[in-house]
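Q: Have a look at this one before I ask anything.
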Amino acid sequence: MQRLTTSSLLDVIGELFSDEVSIAVTSTTEYIYYRPSLRVDLKIRPGDPIKEGTLADKAIVSEQKVSEFIDRQIYGVPYHGMAVPFHYNNELEGCVMAIYPALTEGKSVITVKTSDGWKPLSFHDVLYLEVKERKTWVVTKQFTGIHRKALQEFEYMLPREYFIRCHRSFIVNVNHITHIYPDTHSTFLLAMDNGDQLPVSQSYSSYFRKLLGF
């Protein structure tokens with residue numbers, strides 16, 4: 001079999017997702033590969049610099065996986081996406097991005113299943129989301145309901161200024177945290193304004209501290 005170039009391999013991978021997902025690869029300063037999808041095209045070209053405030057910029061600066069919604073101010077097109085930085089010999093080399101259409105643009109509720117139908121819950125009222133018993137539970141002060149989406153999907157659907165992943169089983173709305181307590185092994189406990197306590201796991205603790213600035 002003839003040897004595939006990196007670009008050819010990315011084209012093949014991109015073909016699997018071409019209807020919905022755009023694929024991009026960057027160095028630490030510019031885009032080196034971009035394949036648009038049929039549903040979302042940011043009009044990026046190889047050689048374009050990484051713009052401040054984009055997913056790529058946030059992944060490069062934080063050296064962390066970033067998953068969130070980006071509004072239309074930067075590229076003229078709103079989108080959801082995920083960017084994952086990659087390293088070579090312990091040196092940051094760039095990131096790989098998956099870019100999704102903003103199917104939830106304009107929405108500010110999570111619609112959960114109830115015993116007799118469905119109930120829309122405002123982003124503002126949601127305290128946290130928890131995975132337990134293989135279900136995603138959405139919790140407010142007055143109501144708790146079930147949603148079919150996984151936490152990973154909510155990570156890029158929910159606005160980052162409100163919601164942060166703090167544990168493999170929890171996403172928390174930071175506006176409902178009343179106190180942050182240190183716990184063992186560089187972890188934390190979050191006191192919520194409904195009286196619940198949520199863990200911040202060790203794998204998320206540095207990321208959590210960086211986003212909240214403490």
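Labels for the structure tokens follow display order: chains A, B, ..., residues from 1 in each chain, ligands from 1.
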Please build the interface table for stretch 25-96 of chain A against stretch 133-156 of chain A with a cut-off of 12 Å, listing for each qualifying residue the nearest atom pair and the distance in Å to one decimal; count only C-alpha atoms, order rows by chain and increasing number, and write it as a Markdown table.
A:
| residue | atom | partner | partner_atom | distance |
| --- | --- | --- | --- | --- |
| A:Leu55 | CA | A:Tyr156 | CA | 10.8 |
| A:Lys65 | CA | A:Glu155 | CA | 11.0 |
| A:Val66 | CA | A:Tyr156 | CA | 8.5 |
| A:Ser67 | CA | A:Tyr156 | CA | 4.7 |
| A:Glu68 | CA | A:Tyr156 | CA | 3.7 |
| A:Phe69 | CA | A:Tyr156 | CA | 5.7 |
| A:Ile70 | CA | A:Tyr156 | CA | 9.3 |
| A:Tyr79 | CA | A:Tyr156 | CA | 9.5 |
| A:His80 | CA | A:Tyr156 | CA | 5.9 |
| A:Gly81 | CA | A:Tyr156 | CA | 6.3 |
| A:Met82 | CA | A:Tyr156 | CA | 7.2 |
| A:Ala83 | CA | A:Tyr156 | CA | 10.6 |
Q: Please extract the residues of stretch 3-214 of chain A with a backbone DSSP assignment of strand (DSSP E or B) and present them as a ChimeraX atom specification.
A: /A:22-26,30-35,49,66-70,79-88,91-101,109-114,117-122,128-132,135-139,144-147,163-167,170-173,177-182,188-192,197-200
Q: For stretch 198-208 of chain A, list every protein, DNA or RNA residue within 6 Å, evaluated using only C-alpha atoms, and leave out those in the same chain fewer than 5 positions away; present the list as a PDB file with all heavy atoms, in the first residue's frame.
A:
ATOM      1  N   CYS A 166     -16.391  19.731  36.350  1.00  0.00           N
ATOM      2  CA  CYS A 166     -15.572  19.661  37.566  1.00  0.00           C
ATOM      3  C   CYS A 166     -15.245  18.222  37.955  1.00  0.00           C
ATOM      4  O   CYS A 166     -14.453  18.006  38.884  1.00  0.00           O
ATOM      5  CB  CYS A 166     -16.256  20.387  38.719  1.00  0.00           C
ATOM      6  SG  CYS A 166     -17.853  19.674  39.227  1.00  0.00           S
ATOM      7  N   HIS A 167     -15.833  17.273  37.272  1.00  0.00           N
ATOM      8  CA  HIS A 167     -15.694  15.863  37.633  1.00  0.00           C
ATOM      9  C   HIS A 167     -16.214  15.052  36.450  1.00  0.00           C
ATOM     10  O   HIS A 167     -17.003  15.559  35.649  1.00  0.00           O
ATOM     11  CB  HIS A 167     -16.534  15.594  38.890  1.00  0.00           C
ATOM     12  CG  HIS A 167     -16.356  14.255  39.514  1.00  0.00           C
ATOM     13  ND1 HIS A 167     -17.001  13.131  39.033  1.00  0.00           N
ATOM     14  CD2 HIS A 167     -15.640  13.851  40.594  1.00  0.00           C
ATOM     15  CE1 HIS A 167     -16.685  12.101  39.799  1.00  0.00           C
ATOM     16  NE2 HIS A 167     -15.857  12.501  40.744  1.00  0.00           N
ATOM     17  N   THR A 187      -7.985  18.282  45.838  1.00  0.00           N
ATOM     18  CA  THR A 187      -9.340  18.343  45.307  1.00  0.00           C
ATOM     19  C   THR A 187     -10.163  19.342  46.121  1.00  0.00           C
ATOM     20  O   THR A 187      -9.696  19.897  47.114  1.00  0.00           O
ATOM     21  CB  THR A 187     -10.016  16.961  45.326  1.00  0.00           C
ATOM     22  OG1 THR A 187     -10.095  16.506  46.687  1.00  0.00           O
ATOM     23  CG2 THR A 187      -9.219  15.968  44.505  1.00  0.00           C
ATOM     24  N   PHE A 188     -11.416  19.563  45.697  1.00  0.00           N
ATOM     25  CA  PHE A 188     -12.264  20.547  46.364  1.00  0.00           C
ATOM     26  C   PHE A 188     -13.676  19.998  46.513  1.00  0.00           C
ATOM     27  O   PHE A 188     -14.088  19.068  45.810  1.00  0.00           O
ATOM     28  CB  PHE A 188     -12.325  21.853  45.553  1.00  0.00           C
ATOM     29  CG  PHE A 188     -10.986  22.431  45.234  1.00  0.00           C
ATOM     30  CD1 PHE A 188     -10.402  22.218  43.994  1.00  0.00           C
ATOM     31  CD2 PHE A 188     -10.299  23.199  46.165  1.00  0.00           C
ATOM     32  CE1 PHE A 188      -9.169  22.730  43.696  1.00  0.00           C
ATOM     33  CE2 PHE A 188      -9.056  23.721  45.876  1.00  0.00           C
ATOM     34  CZ  PHE A 188      -8.486  23.492  44.638  1.00  0.00           C
ATOM     35  N   LEU A 189     -14.429  20.629  47.429  1.00  0.00           N
ATOM     36  CA  LEU A 189     -15.863  20.394  47.548  1.00  0.00           C
ATOM     37  C   LEU A 189     -16.569  21.716  47.287  1.00  0.00           C
ATOM     38  O   LEU A 189     -16.163  22.759  47.804  1.00  0.00           O
ATOM     39  CB  LEU A 189     -16.224  19.881  48.940  1.00  0.00           C
ATOM     40  CG  LEU A 189     -15.947  18.409  49.233  1.00  0.00           C
ATOM     41  CD1 LEU A 189     -16.279  18.102  50.699  1.00  0.00           C
ATOM     42  CD2 LEU A 189     -16.777  17.511  48.316  1.00  0.00           C
ATOM     43  N   LEU A 190     -17.616  21.679  46.484  1.00  0.00           N
ATOM     44  CA  LEU A 190     -18.374  22.871  46.144  1.00  0.00           C
ATOM     45  C   LEU A 190     -19.685  22.870  46.917  1.00  0.00           C
ATOM     46  O   LEU A 190     -20.476  21.929  46.806  1.00  0.00           O
ATOM     47  CB  LEU A 190     -18.672  22.913  44.644  1.00  0.00           C
ATOM     48  CG  LEU A 190     -17.468  22.758  43.703  1.00  0.00           C
ATOM     49  CD1 LEU A 190     -17.939  22.761  42.260  1.00  0.00           C
ATOM     50  CD2 LEU A 190     -16.453  23.862  43.948  1.00  0.00           C
TER      51      LEU A 190
END
Q: How many Å lie between atom CA of A:Tyr128 and atom CA of A:Ile177, rounded to one decimal?
A: 9.9 Å
Q: Rank A:Ala24, A:Thr114, A:Arg209, A:Gln64 by their smallest atom-to-atom distance to A:Tyr100, using only C-alpha atoms, and report the top residue only.
A: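 Ranking A:Ala24, A:Thr114, A:Arg209, A:Gln64 by distance to A:Tyr100, first place goes to A:Ala24.
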Q: What parts of stretch 22-196 of chain A does DSSP call alpha helix (DSSP H)? I'd like the answer as a list in words.
A: Leu55, Ala56, Asp57, Lys58, Ala59, Ile60, Val61, Ser62, Leu151, Gln152, Glu153, Phe154, Glu155, Tyr156 and Met157 of chain A
Q: With only C-alpha atoms as the basis for distance, which of A:Asp41, A:Asp125, A:Glu93, A:Glu52 is at the shortest distance from A:Thr26?
A: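 Under the stated criterion, the closest residue is A:Glu93.
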Q: Show which residues sit within 9 Å of A:Ile164, as a short mmCIF file (atom, residue, chain, number, x, y, z; two decimals) with N, CA and C atoms, in the first residue's frame. Count only C-alpha atoms, and ignore same-chain residues fewer than 6 positions away.
A:
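As a result, part.cif now contains:
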data_model
loop_
_atom_site.label_atom_id
_atom_site.label_comp_id
_atom_site.auth_asym_id
_atom_site.auth_seq_id
_atom_site.Cartn_x
_atom_site.Cartn_y
_atom_site.Cartn_z
N GLU A 155 -20.98 19.63 27.41
CA GLU A 155 -19.78 20.46 27.56
C GLU A 155 -19.67 21.52 26.48
N LEU A 158 -23.44 23.95 26.42
CA LEU A 158 -23.75 24.92 27.46
C LEU A 158 -22.77 26.10 27.44
N PHE A 170 -19.91 15.30 36.80
CA PHE A 170 -20.60 16.56 37.11
C PHE A 170 -20.18 17.70 36.19
N ILE A 171 -21.16 18.52 35.79
CA ILE A 171 -20.95 19.86 35.25
C ILE A 171 -21.69 20.81 36.17
N VAL A 172 -21.03 21.88 36.61
CA VAL A 172 -21.62 22.77 37.61
C VAL A 172 -21.85 24.16 37.03
N ASN A 173 -22.95 24.79 37.44
CA ASN A 173 -23.21 26.20 37.13
C ASN A 173 -22.53 27.04 38.21
N VAL A 174 -21.49 27.77 37.84
CA VAL A 174 -20.67 28.48 38.83
C VAL A 174 -21.45 29.58 39.54
N PHE A 208 -10.16 23.73 36.84
CA PHE A 208 -11.22 24.44 37.55
C PHE A 208 -10.68 25.71 38.22
N LEU A 211 -9.92 28.45 35.57
CA LEU A 211 -11.08 29.12 35.01
C LEU A 211 -11.74 30.05 36.02
#
Q: Which residues are near A:Ile50? Cut-off 9 Å, only C-alpha atoms, ignore same chain within fewer than 6 positions. Put them as a ChimeraX atom specification.
A: /A:26-31,56-57
Q: Using the selection just defined, write its residues with all heavy atoms as a PDB file, in the first residue's frame.
A:
ATOM      1  N   THR A  26      -3.833  22.893  13.741  1.00  0.00           N
ATOM      2  CA  THR A  26      -3.024  24.108  13.837  1.00  0.00           C
ATOM      3  C   THR A  26      -1.621  23.801  14.363  1.00  0.00           C
ATOM      4  O   THR A  26      -1.400  22.763  14.993  1.00  0.00           O
ATOM      5  CB  THR A  26      -3.657  25.142  14.791  1.00  0.00           C
ATOM      6  OG1 THR A  26      -3.411  24.748  16.163  1.00  0.00           O
ATOM      7  CG2 THR A  26      -5.154  25.278  14.562  1.00  0.00           C
ATOM      8  N   SER A  27      -0.712  24.723  14.076  1.00  0.00           N
ATOM      9  CA  SER A  27       0.522  24.797  14.841  1.00  0.00           C
ATOM     10  C   SER A  27       0.209  25.661  16.059  1.00  0.00           C
ATOM     11  O   SER A  27      -0.962  25.871  16.377  1.00  0.00           O
ATOM     12  CB  SER A  27       1.626  25.429  13.989  1.00  0.00           C
ATOM     13  OG  SER A  27       1.335  26.794  13.734  1.00  0.00           O
ATOM     14  N   THR A  28       1.199  26.194  16.726  1.00  0.00           N
ATOM     15  CA  THR A  28       0.922  27.059  17.869  1.00  0.00           C
ATOM     16  C   THR A  28       0.543  28.472  17.442  1.00  0.00           C
ATOM     17  O   THR A  28       0.102  29.273  18.264  1.00  0.00           O
ATOM     18  CB  THR A  28       2.149  27.140  18.797  1.00  0.00           C
ATOM     19  OG1 THR A  28       3.283  27.581  18.037  1.00  0.00           O
ATOM     20  CG2 THR A  28       2.454  25.787  19.422  1.00  0.00           C
ATOM     21  N   THR A  29       0.660  28.781  16.151  1.00  0.00           N
ATOM     22  CA  THR A  29       0.391  30.149  15.700  1.00  0.00           C
ATOM     23  C   THR A  29      -0.581  30.247  14.523  1.00  0.00           C
ATOM     24  O   THR A  29      -1.193  31.293  14.319  1.00  0.00           O
ATOM     25  CB  THR A  29       1.698  30.854  15.282  1.00  0.00           C
ATOM     26  OG1 THR A  29       2.322  30.097  14.228  1.00  0.00           O
ATOM     27  CG2 THR A  29       2.653  30.979  16.472  1.00  0.00           C
ATOM     28  N   GLU A  30      -0.711  29.165  13.713  1.00  0.00           N
ATOM     29  CA  GLU A  30      -1.526  29.272  12.508  1.00  0.00           C
ATOM     30  C   GLU A  30      -2.173  27.940  12.160  1.00  0.00           C
ATOM     31  O   GLU A  30      -1.806  26.882  12.698  1.00  0.00           O
ATOM     32  CB  GLU A  30      -0.680  29.747  11.331  1.00  0.00           C
ATOM     33  CG  GLU A  30       0.410  28.763  10.930  1.00  0.00           C
ATOM     34  CD  GLU A  30       1.268  29.285   9.790  1.00  0.00           C
ATOM     35  OE1 GLU A  30       1.491  30.508   9.728  1.00  0.00           O
ATOM     36  OE2 GLU A  30       1.722  28.458   8.971  1.00  0.00           O
ATOM     37  N   TYR A  31      -3.150  28.000  11.254  1.00  0.00           N
ATOM     38  CA  TYR A  31      -3.808  26.794  10.766  1.00  0.00           C
ATOM     39  C   TYR A  31      -2.948  26.132   9.688  1.00  0.00           C
ATOM     40  O   TYR A  31      -2.415  26.809   8.816  1.00  0.00           O
ATOM     41  CB  TYR A  31      -5.186  27.125  10.195  1.00  0.00           C
ATOM     42  CG  TYR A  31      -6.166  27.560  11.268  1.00  0.00           C
ATOM     43  CD1 TYR A  31      -6.258  28.894  11.639  1.00  0.00           C
ATOM     44  CD2 TYR A  31      -6.964  26.630  11.921  1.00  0.00           C
ATOM     45  CE1 TYR A  31      -7.134  29.294  12.638  1.00  0.00           C
ATOM     46  CE2 TYR A  31      -7.839  27.020  12.911  1.00  0.00           C
ATOM     47  CZ  TYR A  31      -7.919  28.357  13.272  1.00  0.00           C
ATOM     48  OH  TYR A  31      -8.779  28.746  14.264  1.00  0.00           O
ATOM     49  N   ALA A  56      -9.197  27.195  19.046  1.00  0.00           N
ATOM     50  CA  ALA A  56      -7.776  26.876  18.888  1.00  0.00           C
ATOM     51  C   ALA A  56      -6.927  27.712  19.829  1.00  0.00           C
ATOM     52  O   ALA A  56      -6.014  27.208  20.486  1.00  0.00           O
ATOM     53  CB  ALA A  56      -7.345  27.093  17.438  1.00  0.00           C
ATOM     54  N   ASP A  57      -7.220  29.009  19.903  1.00  0.00           N
ATOM     55  CA  ASP A  57      -6.475  29.909  20.787  1.00  0.00           C
ATOM     56  C   ASP A  57      -6.595  29.462  22.236  1.00  0.00           C
ATOM     57  O   ASP A  57      -5.594  29.396  22.974  1.00  0.00           O
ATOM     58  CB  ASP A  57      -7.010  31.330  20.619  1.00  0.00           C
ATOM     59  CG  ASP A  57      -6.409  32.306  21.617  1.00  0.00           C
ATOM     60  OD1 ASP A  57      -5.172  32.488  21.594  1.00  0.00           O
ATOM     61  OD2 ASP A  57      -7.162  32.898  22.401  1.00  0.00           O
TER      62      ASP A  57
END
Q: So how many Å separate atom CA of A:Tyr34 and atom CA of A:Pro49, to one decimal?
A: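 So the two atoms, atom CA of A:Tyr34 and atom CA of A:Pro49, lie 12.6 Å apart.
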Q: In Å, how far is it from atom CA of A:Tyr75 to atom CA of A:Ile44?
A: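 Rounded to one decimal, the two atoms are 8.9 Å apart.
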Q: With distances taken over only C-alpha atoms, which of A:Gly195, A:Pro120, A:Pro46, A:Pro101 is nearest to A:Arg72?
A: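 Nearest to A:Arg72: A:Pro101.
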Q: So which residues touch A:Glu20 within 10 Å, counting only C-alpha atoms, skipping near sequence neighbours fewer than 6 positions away, as a list of chain:residue names?
A: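 Neighbouring residues, sequence-local ones excluded: A:Gly14, A:Pro36, A:Ser37, A:Leu38, A:Arg39, A:Val40, A:Ala98, A:Ile99, A:Tyr100, A:Pro101.
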Q: Produce a file of the selected residues containing all heavy atoms, as a PDB file, in the first residue's frame.
A:
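Okay, this is what ended up in again09.pdb:
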ATOM      1  N   GLY A  14     -11.779  13.168   7.578  1.00  0.00           N
ATOM      2  CA  GLY A  14     -12.793  14.195   7.412  1.00  0.00           C
ATOM      3  C   GLY A  14     -13.970  13.740   6.599  1.00  0.00           C
ATOM      4  O   GLY A  14     -15.110  14.172   6.820  1.00  0.00           O
ATOM      5  N   PRO A  36     -13.698  21.879   5.536  1.00  0.00           N
ATOM      6  CA  PRO A  36     -15.038  22.286   5.956  1.00  0.00           C
ATOM      7  C   PRO A  36     -16.049  21.152   5.778  1.00  0.00           C
ATOM      8  O   PRO A  36     -15.840  20.242   4.979  1.00  0.00           O
ATOM      9  CB  PRO A  36     -15.354  23.451   5.011  1.00  0.00           C
ATOM     10  CG  PRO A  36     -14.569  23.139   3.774  1.00  0.00           C
ATOM     11  CD  PRO A  36     -13.299  22.490   4.267  1.00  0.00           C
ATOM     12  N   SER A  37     -17.126  21.229   6.520  1.00  0.00           N
ATOM     13  CA  SER A  37     -18.228  20.279   6.351  1.00  0.00           C
ATOM     14  C   SER A  37     -19.328  20.938   5.533  1.00  0.00           C
ATOM     15  O   SER A  37     -19.271  22.129   5.211  1.00  0.00           O
ATOM     16  CB  SER A  37     -18.779  19.857   7.719  1.00  0.00           C
ATOM     17  OG  SER A  37     -19.514  20.928   8.299  1.00  0.00           O
ATOM     18  N   LEU A  38     -20.356  20.160   5.215  1.00  0.00           N
ATOM     19  CA  LEU A  38     -21.486  20.708   4.476  1.00  0.00           C
ATOM     20  C   LEU A  38     -22.346  21.619   5.340  1.00  0.00           C
ATOM     21  O   LEU A  38     -23.089  22.447   4.824  1.00  0.00           O
ATOM     22  CB  LEU A  38     -22.344  19.560   3.927  1.00  0.00           C
ATOM     23  CG  LEU A  38     -21.664  18.610   2.932  1.00  0.00           C
ATOM     24  CD1 LEU A  38     -22.631  17.505   2.524  1.00  0.00           C
ATOM     25  CD2 LEU A  38     -21.165  19.371   1.713  1.00  0.00           C
ATOM     26  N   ARG A  39     -22.243  21.472   6.663  1.00  0.00           N
ATOM     27  CA  ARG A  39     -23.114  22.210   7.565  1.00  0.00           C
ATOM     28  C   ARG A  39     -22.477  23.452   8.164  1.00  0.00           C
ATOM     29  O   ARG A  39     -23.182  24.373   8.565  1.00  0.00           O
ATOM     30  CB  ARG A  39     -23.568  21.280   8.712  1.00  0.00           C
ATOM     31  CG  ARG A  39     -24.393  20.100   8.265  1.00  0.00           C
ATOM     32  CD  ARG A  39     -25.759  20.534   7.725  1.00  0.00           C
ATOM     33  NE  ARG A  39     -26.504  21.273   8.719  1.00  0.00           N
ATOM     34  CZ  ARG A  39     -27.245  20.696   9.664  1.00  0.00           C
ATOM     35  NH1 ARG A  39     -27.343  19.382   9.719  1.00  0.00           N
ATOM     36  NH2 ARG A  39     -27.906  21.432  10.529  1.00  0.00           N
ATOM     37  N   VAL A  40     -21.157  23.491   8.273  1.00  0.00           N
ATOM     38  CA  VAL A  40     -20.507  24.661   8.870  1.00  0.00           C
ATOM     39  C   VAL A  40     -19.141  24.868   8.219  1.00  0.00           C
ATOM     40  O   VAL A  40     -18.363  23.935   8.066  1.00  0.00           O
ATOM     41  CB  VAL A  40     -20.361  24.507  10.411  1.00  0.00           C
ATOM     42  CG1 VAL A  40     -19.581  23.259  10.785  1.00  0.00           C
ATOM     43  CG2 VAL A  40     -19.735  25.741  11.039  1.00  0.00           C
ATOM     44  N   ALA A  98     -12.462  19.713  16.128  1.00  0.00           N
ATOM     45  CA  ALA A  98     -13.696  19.261  15.482  1.00  0.00           C
ATOM     46  C   ALA A  98     -14.713  20.378  15.662  1.00  0.00           C
ATOM     47  O   ALA A  98     -14.957  20.836  16.783  1.00  0.00           O
ATOM     48  CB  ALA A  98     -14.195  17.969  16.111  1.00  0.00           C
ATOM     49  N   ILE A  99     -15.303  20.850  14.558  1.00  0.00           N
ATOM     50  CA  ILE A  99     -16.184  22.021  14.573  1.00  0.00           C
ATOM     51  C   ILE A  99     -17.579  21.593  14.142  1.00  0.00           C
ATOM     52  O   ILE A  99     -17.761  21.035  13.055  1.00  0.00           O
ATOM     53  CB  ILE A  99     -15.640  23.119  13.632  1.00  0.00           C
ATOM     54  CG1 ILE A  99     -14.229  23.530  14.073  1.00  0.00           C
ATOM     55  CG2 ILE A  99     -16.568  24.315  13.589  1.00  0.00           C
ATOM     56  CD1 ILE A  99     -13.428  24.200  12.982  1.00  0.00           C
ATOM     57  N   TYR A 100     -18.566  21.862  15.003  1.00  0.00           N
ATOM     58  CA  TYR A 100     -19.933  21.429  14.763  1.00  0.00           C
ATOM     59  C   TYR A 100     -20.839  22.634  14.477  1.00  0.00           C
ATOM     60  O   TYR A 100     -20.591  23.731  14.987  1.00  0.00           O
ATOM     61  CB  TYR A 100     -20.495  20.707  15.996  1.00  0.00           C
ATOM     62  CG  TYR A 100     -19.660  19.563  16.497  1.00  0.00           C
ATOM     63  CD1 TYR A 100     -18.596  19.788  17.377  1.00  0.00           C
ATOM     64  CD2 TYR A 100     -19.932  18.253  16.113  1.00  0.00           C
ATOM     65  CE1 TYR A 100     -17.826  18.734  17.841  1.00  0.00           C
ATOM     66  CE2 TYR A 100     -19.168  17.199  16.590  1.00  0.00           C
ATOM     67  CZ  TYR A 100     -18.116  17.441  17.447  1.00  0.00           C
ATOM     68  OH  TYR A 100     -17.349  16.414  17.914  1.00  0.00           O
ATOM     69  N   PRO A 101     -21.909  22.454  13.716  1.00  0.00           N
ATOM     70  CA  PRO A 101     -22.867  23.552  13.528  1.00  0.00           C
ATOM     71  C   PRO A 101     -23.566  23.899  14.832  1.00  0.00           C
ATOM     72  O   PRO A 101     -23.759  23.036  15.693  1.00  0.00           O
ATOM     73  CB  PRO A 101     -23.859  22.983  12.501  1.00  0.00           C
ATOM     74  CG  PRO A 101     -23.738  21.497  12.624  1.00  0.00           C
ATOM     75  CD  PRO A 101     -22.299  21.235  12.983  1.00  0.00           C
TER      76      PRO A 101
END
